[in-house]
$ cat start29.cif   # mmCIF, C-alpha atoms
data_target
loop_
_atom_site.label_atom_id
_atom_site.label_comp_id
_atom_site.auth_asym_id
_atom_site.auth_seq_id
_atom_site.Cartn_x
_atom_site.Cartn_y
_atom_site.Cartn_z
CA MET I 1422 66.37 33.91 66.32
CA ARG I 1423 66.86 37.33 64.66
CA ARG I 1424 66.29 35.82 61.24
CA ARG I 1425 63.01 34.28 62.35
CA VAL I 1426 61.83 37.59 63.83
CA ARG I 1427 62.51 39.39 60.55
CA SER I 1428 60.50 36.74 58.68
CA ILE I 1429 57.54 37.21 61.00
CA ASN I 1430 57.69 40.98 60.53
CA HIS I 1431 57.69 40.62 56.74
CA THR I 1432 54.78 38.21 56.98
CA GLY I 1433 52.79 40.72 59.03
CA VAL I 1434 53.45 43.47 56.51
CA ILE I 1435 52.43 41.30 53.57
CA VAL I 1436 49.28 40.02 55.22
CA THR I 1437 48.34 43.55 56.30
CA THR I 1438 48.89 44.91 52.80
CA ALA I 1439 46.82 42.14 51.24
CA SER I 1440 44.06 42.63 53.79
CA LEU I 1441 43.95 46.36 53.11
CA ALA I 1442 43.74 45.68 49.37
CA VAL I 1443 40.75 43.41 49.85
CA LEU I 1444 39.05 45.89 52.20
CA LEU I 1445 39.66 48.66 49.67
CA ALA I 1446 38.03 46.61 46.92
CA LEU I 1447 35.02 45.82 49.10
CA ALA I 1448 34.67 49.45 50.13
CA SER I 1449 34.73 50.50 46.49
CA VAL I 1450 31.94 48.05 45.70
CA ALA I 1451 29.86 49.38 48.58
CA SER I 1452 30.41 53.01 47.58
CA VAL I 1453 29.28 52.37 44.00
CA PHE I 1454 26.09 50.64 45.05
CA ALA I 1455 25.39 53.23 47.73
CA GLY I 1456 25.25 55.97 45.09
CA GLY I 1457 23.97 56.21 41.56
CA PHE I 1458 20.41 56.30 40.25
CA GLN I 1459 18.28 53.69 38.50
CA LEU I 1460 14.73 52.78 37.63
CA ALA I 1461 13.26 49.43 38.60
CA VAL I 1462 10.16 47.88 37.01
CA GLU I 1463 7.88 44.97 37.74
CA ALA I 1464 4.54 43.60 36.63
CA PRO I 1465 1.76 44.11 39.18
CA ARG I 1466 1.17 41.21 41.53
CA ALA I 1467 -1.81 39.05 40.70
CA GLY I 1468 -4.78 39.96 42.87
CA SER I 1469 -3.40 43.36 43.88
CA THR I 1470 -6.31 45.74 44.47
CA SER I 1471 -4.33 48.95 44.90
CA MET I 1472 -2.90 48.75 41.37
CA LYS I 1473 -5.37 46.44 39.69
CA ASP I 1474 -5.57 48.59 36.54
CA ALA I 1475 -1.81 49.01 36.22
CA ALA I 1476 0.14 47.33 33.43
CA LEU I 1477 3.56 48.07 34.97
CA ILE I 1478 4.96 49.38 38.26
CA VAL I 1479 7.95 51.76 38.20
CA ARG I 1480 10.18 52.65 41.17
CA THR I 1481 13.11 55.04 41.55
CA PHE I 1482 16.23 54.12 43.51
CA GLY I 1483 19.47 55.87 44.38
CA CYS I 1484 21.19 58.31 46.68
CA GLY I 1485 19.73 61.66 47.69
CA GLN I 1486 16.06 62.07 46.79
CA PRO I 1487 15.50 59.73 43.81
CA ALA I 1488 11.74 60.22 44.16
CA ASP I 1489 12.33 63.71 42.73
CA ALA I 1490 13.56 62.24 39.45
CA ASN I 1491 11.96 63.21 36.16
CA VAL I 1492 10.57 60.00 34.63
CA THR I 1493 9.17 59.78 31.12
CA VAL I 1494 7.72 56.80 29.24
CA THR I 1495 7.01 56.16 25.59
CA ALA I 1496 5.47 53.19 23.82
CA GLU I 1497 7.49 52.39 20.72
CA GLY I 1498 5.87 50.19 18.10
CA ILE I 1499 5.52 49.10 14.51
CA ILE I 1500 2.05 48.77 12.95
CA ASP I 1501 1.82 47.64 9.31
CA ASN I 1502 5.51 48.43 8.87
CA GLN I 1503 4.93 51.96 10.13
CA ARG I 1504 6.82 53.26 13.17
CA GLN I 1505 4.70 54.57 16.00
CA SER I 1506 5.77 56.46 19.11
CA LEU I 1507 3.24 57.29 21.82
CA ALA I 1508 3.75 59.29 24.99
CA VAL I 1509 2.62 57.30 28.04
CA ASP I 1510 1.25 58.91 31.19
CA LEU I 1511 2.52 57.89 34.62
CA LYS I 1512 0.38 57.79 37.74
CA ALA I 1513 2.15 58.59 41.02
CA ASP I 1514 0.98 56.03 43.59
CA ALA I 1515 3.54 56.81 46.30
CA LYS I 1516 6.74 58.79 46.64
CA GLY I 1517 9.04 57.34 43.99
CA VAL I 1518 6.47 54.73 42.90
CA TYR I 1519 4.47 55.01 39.69
CA SER I 1520 2.02 52.87 37.78
CA ILE I 1521 1.44 52.70 34.04
CA GLN I 1522 -1.91 51.84 32.51
CA ARG I 1523 -2.07 50.50 29.00
CA GLN I 1524 -2.31 53.35 26.48
CA TRP I 1525 -1.22 51.64 23.27
CA PRO I 1526 -3.11 49.34 20.86
CA GLN I 1527 -2.95 45.56 20.60
CA GLU I 1528 -2.06 45.65 16.92
CA GLY I 1529 1.58 45.61 15.90
CA LYS I 1530 4.75 45.05 17.89
CA TRP I 1531 5.42 47.22 20.93
CA MET I 1532 7.94 47.93 23.65
CA LEU I 1533 8.11 50.47 26.48
CA VAL I 1534 11.01 52.89 26.93
CA LEU I 1535 11.34 54.43 30.38
CA THR I 1536 13.91 57.14 31.06
CA GLY I 1537 14.60 58.77 34.41
CA THR I 1538 16.96 61.67 35.08
CA TYR I 1539 18.08 62.85 38.50
CA ASN I 1540 20.96 65.00 39.69
CA GLY I 1541 22.85 64.63 36.41
CA MET I 1542 22.33 60.85 36.25
CA THR I 1543 20.25 58.94 33.73
CA SER I 1544 18.64 55.52 33.84
CA THR I 1545 16.77 53.91 30.95
CA VAL I 1546 14.76 50.69 30.93
CA PHE I 1547 13.46 48.85 27.88
CA VAL I 1548 10.47 46.61 28.60
CA GLU I 1549 9.57 43.84 26.19
CA LEU I 1550 5.86 43.33 25.48
CA ASP I 1551 4.08 40.20 24.26
CA GLN I 1552 2.52 39.66 20.83
CA LYS I 1553 -0.61 41.58 21.86
CA GLY I 1554 1.30 44.43 23.44
CA GLY I 1555 0.79 43.21 26.99
CA VAL I 1556 3.30 43.24 29.82
CA TYR I 1557 4.56 39.74 30.62
CA PRO I 1558 3.41 38.73 34.12
CA ASP I 1559 6.97 37.85 35.17
CA THR I 1560 8.50 41.13 33.97
CA ARG I 1561 10.98 42.45 36.51
CA LEU I 1562 14.15 44.55 36.67
CA ASN I 1563 15.53 45.17 40.15
CA ALA I 1564 17.45 48.26 41.17
CA PHE I 1565 21.01 48.47 39.79
CA GLU I 1566 20.60 45.46 37.51
CA ALA I 1567 21.58 45.70 33.86
CA SER I 1568 19.31 42.90 32.67
CA ALA I 1569 16.51 40.75 33.99
CA THR I 1570 13.22 39.18 32.89
CA HIS I 1571 11.80 40.90 29.78
CA ALA I 1572 13.72 44.09 30.55
CA ARG I 1573 17.13 45.66 30.01
CA GLY I 1574 18.70 48.72 31.60
CA LEU I 1575 21.06 51.42 30.32
CA ARG I 1576 22.96 54.05 32.31
CA ARG I 1577 22.29 56.70 29.65
CA LYS I 1578 19.61 58.05 27.37
CA PRO I 1579 18.64 55.63 24.60
CA THR I 1580 19.57 56.33 21.03
CA THR I 1581 17.33 55.83 18.03
CA GLY I 1582 19.51 52.87 17.10
CA ASP I 1583 18.91 51.26 20.50
CA VAL I 1584 15.14 51.44 20.07
CA GLU I 1585 15.15 50.34 16.43
CA ALA I 1586 17.37 47.36 17.15
CA ALA I 1587 15.10 46.24 19.99
CA LEU I 1588 11.95 46.60 17.92
CA LYS I 1589 13.31 44.74 14.92
CA SER I 1590 14.32 41.75 16.99
CA ASN I 1591 13.56 41.68 20.71
CA ILE I 1592 14.78 43.19 23.95
CA GLY I 1593 17.74 40.79 23.90
CA ALA I 1594 19.23 42.94 21.14
CA VAL I 1595 19.58 45.77 23.62
CA ALA I 1596 22.32 43.81 25.36
CA VAL I 1597 24.66 44.98 22.58
CA ALA I 1598 24.25 48.57 23.70
CA ALA I 1599 23.80 47.87 27.40
CA PRO I 1600 26.55 47.39 29.99
CA SER I 1601 27.59 43.89 30.94
CA SER I 1602 24.66 41.64 31.92
CA SER I 1603 26.32 41.40 35.32
CA SER I 1604 24.78 43.61 37.98
CA PHE I 1605 28.29 44.84 38.87
CA PRO I 1606 29.52 47.88 36.90
CA SER I 1607 32.81 47.40 35.05
CA GLY I 1608 34.62 49.84 37.35
CA VAL I 1609 33.68 47.76 40.38
CA ILE I 1610 34.91 44.61 38.69
CA ALA I 1611 38.23 46.30 37.85
CA VAL I 1612 38.79 47.50 41.42
CA SER I 1613 37.81 44.16 42.88
CA GLY I 1614 40.15 42.42 40.45
CA ALA I 1615 42.99 44.69 41.51
CA GLY I 1616 42.34 43.79 45.14
CA ALA I 1617 42.38 40.10 44.35
CA PHE I 1618 45.63 40.51 42.41
CA LEU I 1619 47.31 42.26 45.34
CA LEU I 1620 46.12 39.52 47.66
CA LEU I 1621 47.59 36.81 45.42
CA PHE I 1622 50.80 38.82 45.05
CA GLY I 1623 51.12 39.08 48.83
CA ILE I 1624 50.58 35.35 49.30
CA ALA I 1625 53.19 34.54 46.65
CA ALA I 1626 55.70 36.93 48.24
CA LEU I 1627 55.05 35.38 51.62
CA GLY I 1628 55.86 31.96 50.22
CA ARG I 1629 59.11 33.18 48.73
CA ARG I 1630 60.22 34.81 51.97
CA ARG I 1631 59.45 31.69 53.96
CA ARG I 1632 61.52 29.61 51.57
CA ALA I 1633 64.38 32.12 51.78
CA ALA I 1634 64.21 32.08 55.61
CA ASN I 1635 64.52 28.33 55.62
#
$ encode --input "start29.cif" --output "structure tokens"
Amino acid sequence: MRRRVRSINHTGVIVTTASLAVLLALASVASVFAGGFQLAVEAPRAGSTSMKDAALIVRTFGCGQPADANVTVTAEGIIDNQRQSLAVDLKADAKGVYSIQRQWPQEGKWMLVLTGTYNGMTSTVFVELDQKGGVYPDTRLNAFEASATHARGLRRKPTTGDVEAALKSNIGAVAVAAPSSSSFPSGVIAVSGAGAFLLLFGIAALGRRRRAAN
């Protein structure tokens, strides 16, 4: 009887440890997504009257007051093998919501570079444009995503190499410089993996103790 009681106690400790590891991993995921700062973009909805002249909608997300972020936009292009860089004006439509009207020509190859800074954090979004410099109607990058439709995100300011690589090929080239295409940051994946490892370790130890008790 004493031997069986000891086995049950060990089992409780192992299960509790594994459960705490999983809860810790989940809490870490939640804390990462609760903080941070990022820009989100989307093409205006067809038939929208409030932003009918907009080419792109920009939103700020994050902890604190992300609507206070400093957001800048440039149109980066190549016309007749000549590099062009144009500053693009933003129109504030609501707190933390902006619209962009087209301010670049149809000639050449173009992309938009949006960079937001807030409370020491930086978020950059590259937006791919069509052959006439228009925003694709299905363009969209949700908050805290690294990649989506016709757009890629970076958690830092873009380098000249980032922009040049994207212009010479397409936005897909930005994936080389961007974080993983997964919406989960690498640190979250590492913590979650550690939790899963501890869970598996606890289950394996439980099996060994049961065999030893028998």
$ atom_distance --input "start29.cif" --atom1 "CA of Leu1562 (chain I)" --atom2 "CA of Val1584 (chain I)"
18.0 Å
$ atom_distance --input "start29.cif" --atom1 "CA of Ala1475 (chain I)" --atom2 "CA of Arg1523 (chain I)"
7.4 Å
$ closest_residue --input "start29.cif" --among "I:Trp1531, I:Phe1565, I:Tyr1539, I:Tyr1557" --to "Ser1590 (chain I)" --atoms "all atoms listed in the file"
I:Trp1531
$ residues_around --input "start29.cif" --residues "Ala1464 (chain I)" --least-positions-apart "2" --cutoff "8 Å" --atoms "only C-alpha atoms" --output "mmCIF file with C-alpha atoms, in the frame of the given file"
data_model
loop_
_atom_site.group_PDB
_atom_site.id
_atom_site.type_symbol
_atom_site.label_atom_id
_atom_site.label_comp_id
_atom_site.auth_asym_id
_atom_site.auth_seq_id
_atom_site.Cartn_x
_atom_site.Cartn_y
_atom_site.Cartn_z
ATOM 1 C CA VAL I 1462 10.160 47.880 37.010
ATOM 2 C CA ARG I 1466 1.170 41.210 41.530
ATOM 3 C CA ALA I 1476 0.140 47.330 33.430
ATOM 4 C CA LEU I 1477 3.560 48.070 34.970
ATOM 5 C CA ILE I 1478 4.960 49.380 38.260
ATOM 6 C CA VAL I 1556 3.300 43.240 29.820
ATOM 7 C CA TYR I 1557 4.560 39.740 30.620
ATOM 8 C CA PRO I 1558 3.410 38.730 34.120
ATOM 9 C CA ASP I 1559 6.970 37.850 35.170
ATOM 10 C CA THR I 1560 8.500 41.130 33.970
ATOM 11 C CA ARG I 1561 10.980 42.450 36.510
#
$ axis_aligned_box --input "start29.cif" --around "region 1549-1557 of chain I" --padding-each-side "4 Å" --output "JSON"
{"center_x": 4.5, "center_y": 42.0, "center_z": 25.7, "size_x": 18.2, "size_y": 12.8, "size_z": 17.8}
$ resolve_selection --input "start29.cif" --expression "the PyMOL selection byres ((chain I and resi 1581) around 12)" --output "number ranges by chain"
I: 1497, 1504, 1506, 1534, 1578-1580, 1582-1588, 1595, 1598
$ write_last_selection --input "start29.cif" --atoms "C-alpha atoms" --output "PDB file, keeping the file's coordinate frame"
ATOM      1  CA  GLU I1497       7.490  52.390  20.720  1.00  0.00           C
ATOM      2  CA  ARG I1504       6.820  53.260  13.170  1.00  0.00           C
ATOM      3  CA  SER I1506       5.770  56.460  19.110  1.00  0.00           C
ATOM      4  CA  VAL I1534      11.010  52.890  26.930  1.00  0.00           C
ATOM      5  CA  LYS I1578      19.610  58.050  27.370  1.00  0.00           C
ATOM      6  CA  PRO I1579      18.640  55.630  24.600  1.00  0.00           C
ATOM      7  CA  THR I1580      19.570  56.330  21.030  1.00  0.00           C
ATOM      8  CA  GLY I1582      19.510  52.870  17.100  1.00  0.00           C
ATOM      9  CA  ASP I1583      18.910  51.260  20.500  1.00  0.00           C
ATOM     10  CA  VAL I1584      15.140  51.440  20.070  1.00  0.00           C
ATOM     11  CA  GLU I1585      15.150  50.340  16.430  1.00  0.00           C
ATOM     12  CA  ALA I1586      17.370  47.360  17.150  1.00  0.00           C
ATOM     13  CA  ALA I1587      15.100  46.240  19.990  1.00  0.00           C
ATOM     14  CA  LEU I1588      11.950  46.600  17.920  1.00  0.00           C
ATOM     15  CA  VAL I1595      19.580  45.770  23.620  1.00  0.00           C
ATOM     16  CA  ALA I1598      24.250  48.570  23.700  1.00  0.00           C
TER      17      ALA I1598
END
$ atom_distance --input "start29.cif" --atom1 "CA of Asp1551 (chain I)" --atom2 "CA of Gly1517 (chain I)"
26.6 Å
$ residues_around --input "start29.cif" --residues "region 1482-1487 of chain I" --least-positions-apart "3" --cutoff "12 Å" --atoms "only C-alpha atoms" --output "number ranges by chain"
I: 1452-1462, 1479, 1490-1492, 1516-1518, 1537-1544, 1562-1566
$ residues_around --input "start29.cif" --residues "region 1547-1550 of chain I" --least-positions-apart "4" --cutoff "7 Å" --atoms "only C-alpha atoms" --output "MDAnalysis selection string"
chainID I and resid 1531:1535 1554:1557 1571:1574 1592
$ residues_around --input "start29.cif" --residues "Ile1500 (chain I)" --least-positions-apart "4" --cutoff "10 Å" --atoms "all atoms listed in the file" --output "PyMOL selection string"
chain I and resi 1504-1505+1526-1531
$ closest_residue --input "start29.cif" --among "I:Ala1513, I:Ala1569, I:Val1546, I:Leu1575" --to "Thr1495 (chain I)" --atoms "only C-alpha atoms"
I:Val1546
$ closest_residue --input "start29.cif" --among "I:Lys1553, I:Lys1589, I:Arg1480, I:Arg1576" --to "Ala1515 (chain I)" --atoms "all atoms listed in the file"
I:Arg1480
$ build_atoms --input "start29.cif" --residues "region 1541-1573 of chain I" --atoms "N, CA and C atoms" --output "mmCIF file, keeping the file's coordinate frame"
data_model
loop_
_atom_site.group_PDB
_atom_site.id
_atom_site.type_symbol
_atom_site.label_atom_id
_atom_site.label_comp_id
_atom_site.auth_asym_id
_atom_site.auth_seq_id
_atom_site.Cartn_x
_atom_site.Cartn_y
_atom_site.Cartn_z
ATOM 1 N N GLY I 1541 21.837 64.865 37.426
ATOM 2 C CA GLY I 1541 22.850 64.630 36.410
ATOM 3 C C GLY I 1541 23.023 63.186 35.998
ATOM 4 N N MET I 1542 22.247 62.275 36.576
ATOM 5 C CA MET I 1542 22.330 60.850 36.250
ATOM 6 C C MET I 1542 21.110 60.418 35.446
ATOM 7 N N THR I 1543 21.322 59.420 34.589
ATOM 8 C CA THR I 1543 20.250 58.940 33.730
ATOM 9 C C THR I 1543 20.128 57.424 33.823
ATOM 10 N N SER I 1544 18.907 56.953 33.855
ATOM 11 C CA SER I 1544 18.640 55.520 33.840
ATOM 12 C C SER I 1544 17.521 55.247 32.839
ATOM 13 N N THR I 1545 17.756 54.289 31.965
ATOM 14 C CA THR I 1545 16.770 53.910 30.950
ATOM 15 C C THR I 1545 16.445 52.429 31.091
ATOM 16 N N VAL I 1546 15.188 52.094 30.900
ATOM 17 C CA VAL I 1546 14.760 50.690 30.930
ATOM 18 C C VAL I 1546 13.920 50.410 29.697
ATOM 19 N N PHE I 1547 14.270 49.361 28.976
ATOM 20 C CA PHE I 1547 13.460 48.850 27.880
ATOM 21 C C PHE I 1547 12.645 47.676 28.400
ATOM 22 N N VAL I 1548 11.358 47.685 28.150
ATOM 23 C CA VAL I 1548 10.470 46.610 28.600
ATOM 24 C C VAL I 1548 9.868 45.922 27.394
ATOM 25 N N GLU I 1549 10.100 44.646 27.287
ATOM 26 C CA GLU I 1549 9.570 43.840 26.190
ATOM 27 C C GLU I 1549 8.101 43.528 26.433
ATOM 28 N N LEU I 1550 7.278 43.641 25.394
ATOM 29 C CA LEU I 1550 5.860 43.330 25.480
ATOM 30 C C LEU I 1550 5.543 42.103 24.648
ATOM 31 N N ASP I 1551 4.426 41.424 24.979
ATOM 32 C CA ASP I 1551 4.080 40.200 24.260
ATOM 33 C C ASP I 1551 3.463 40.518 22.902
ATOM 34 N N GLN I 1552 2.994 39.486 22.204
ATOM 35 C CA GLN I 1552 2.520 39.660 20.830
ATOM 36 C C GLN I 1552 1.268 40.536 20.738
ATOM 37 N N LYS I 1553 0.565 40.712 21.845
ATOM 38 C CA LYS I 1553 -0.610 41.580 21.860
ATOM 39 C C LYS I 1553 -0.334 42.896 22.590
ATOM 40 N N GLY I 1554 0.936 43.182 22.813
ATOM 41 C CA GLY I 1554 1.300 44.430 23.440
ATOM 42 C C GLY I 1554 1.126 44.448 24.946
ATOM 43 N N GLY I 1555 0.964 43.281 25.546
ATOM 44 C CA GLY I 1555 0.790 43.210 26.990
ATOM 45 C C GLY I 1555 2.101 43.020 27.720
ATOM 46 N N VAL I 1556 2.124 43.434 28.976
ATOM 47 C CA VAL I 1556 3.300 43.240 29.820
ATOM 48 C C VAL I 1556 3.327 41.798 30.306
ATOM 49 N N TYR I 1557 4.446 41.116 30.128
ATOM 50 C CA TYR I 1557 4.560 39.740 30.620
ATOM 51 C C TYR I 1557 4.403 39.725 32.134
ATOM 52 N N PRO I 1558 3.663 38.753 32.669
ATOM 53 C CA PRO I 1558 3.410 38.730 34.120
ATOM 54 C C PRO I 1558 4.651 38.539 34.975
ATOM 55 N N ASP I 1559 5.744 38.035 34.392
ATOM 56 C CA ASP I 1559 6.970 37.850 35.170
ATOM 57 C C ASP I 1559 8.014 38.938 34.878
ATOM 58 N N THR I 1560 7.581 40.024 34.259
ATOM 59 C CA THR I 1560 8.500 41.130 33.970
ATOM 60 C C THR I 1560 9.052 41.716 35.272
ATOM 61 N N ARG I 1561 10.363 41.893 35.307
ATOM 62 C CA ARG I 1561 10.980 42.450 36.510
ATOM 63 C C ARG I 1561 12.417 42.883 36.222
ATOM 64 N N LEU I 1562 12.769 44.070 36.694
ATOM 65 C CA LEU I 1562 14.150 44.550 36.670
ATOM 66 C C LEU I 1562 14.394 45.226 38.007
ATOM 67 N N ASN I 1563 15.249 44.625 38.836
ATOM 68 C CA ASN I 1563 15.530 45.170 40.150
ATOM 69 C C ASN I 1563 16.487 46.350 40.069
ATOM 70 N N ALA I 1564 16.574 47.098 41.138
ATOM 71 C CA ALA I 1564 17.450 48.260 41.170
ATOM 72 C C ALA I 1564 18.900 47.861 40.941
ATOM 73 N N PHE I 1565 19.592 48.627 40.095
ATOM 74 C CA PHE I 1565 21.010 48.470 39.790
ATOM 75 C C PHE I 1565 21.334 47.155 39.096
ATOM 76 N N GLU I 1566 20.352 46.588 38.402
ATOM 77 C CA GLU I 1566 20.600 45.460 37.510
ATOM 78 C C GLU I 1566 20.674 45.970 36.084
ATOM 79 N N ALA I 1567 21.477 45.322 35.266
ATOM 80 C CA ALA I 1567 21.580 45.700 33.860
ATOM 81 C C ALA I 1567 20.612 44.907 32.996
ATOM 82 N N SER I 1568 20.242 43.716 33.445
ATOM 83 C CA SER I 1568 19.310 42.900 32.670
ATOM 84 C C SER I 1568 18.542 41.990 33.607
ATOM 85 N N ALA I 1569 17.336 41.643 33.190
ATOM 86 C CA ALA I 1569 16.510 40.750 33.990
ATOM 87 C C ALA I 1569 15.430 40.172 33.083
ATOM 88 N N THR I 1570 14.274 39.848 33.655
ATOM 89 C CA THR I 1570 13.220 39.180 32.890
ATOM 90 C C THR I 1570 12.433 40.183 32.062
ATOM 91 N N HIS I 1571 12.520 40.045 30.733
ATOM 92 C CA HIS I 1571 11.800 40.900 29.780
ATOM 93 C C HIS I 1571 12.147 42.384 29.920
ATOM 94 N N ALA I 1572 13.323 42.686 30.404
ATOM 95 C CA ALA I 1572 13.720 44.090 30.550
ATOM 96 C C ALA I 1572 15.234 44.202 30.516
ATOM 97 N N ARG I 1573 15.713 45.356 30.051
ATOM 98 C CA ARG I 1573 17.130 45.660 30.010
ATOM 99 C C ARG I 1573 17.324 47.108 30.454
#
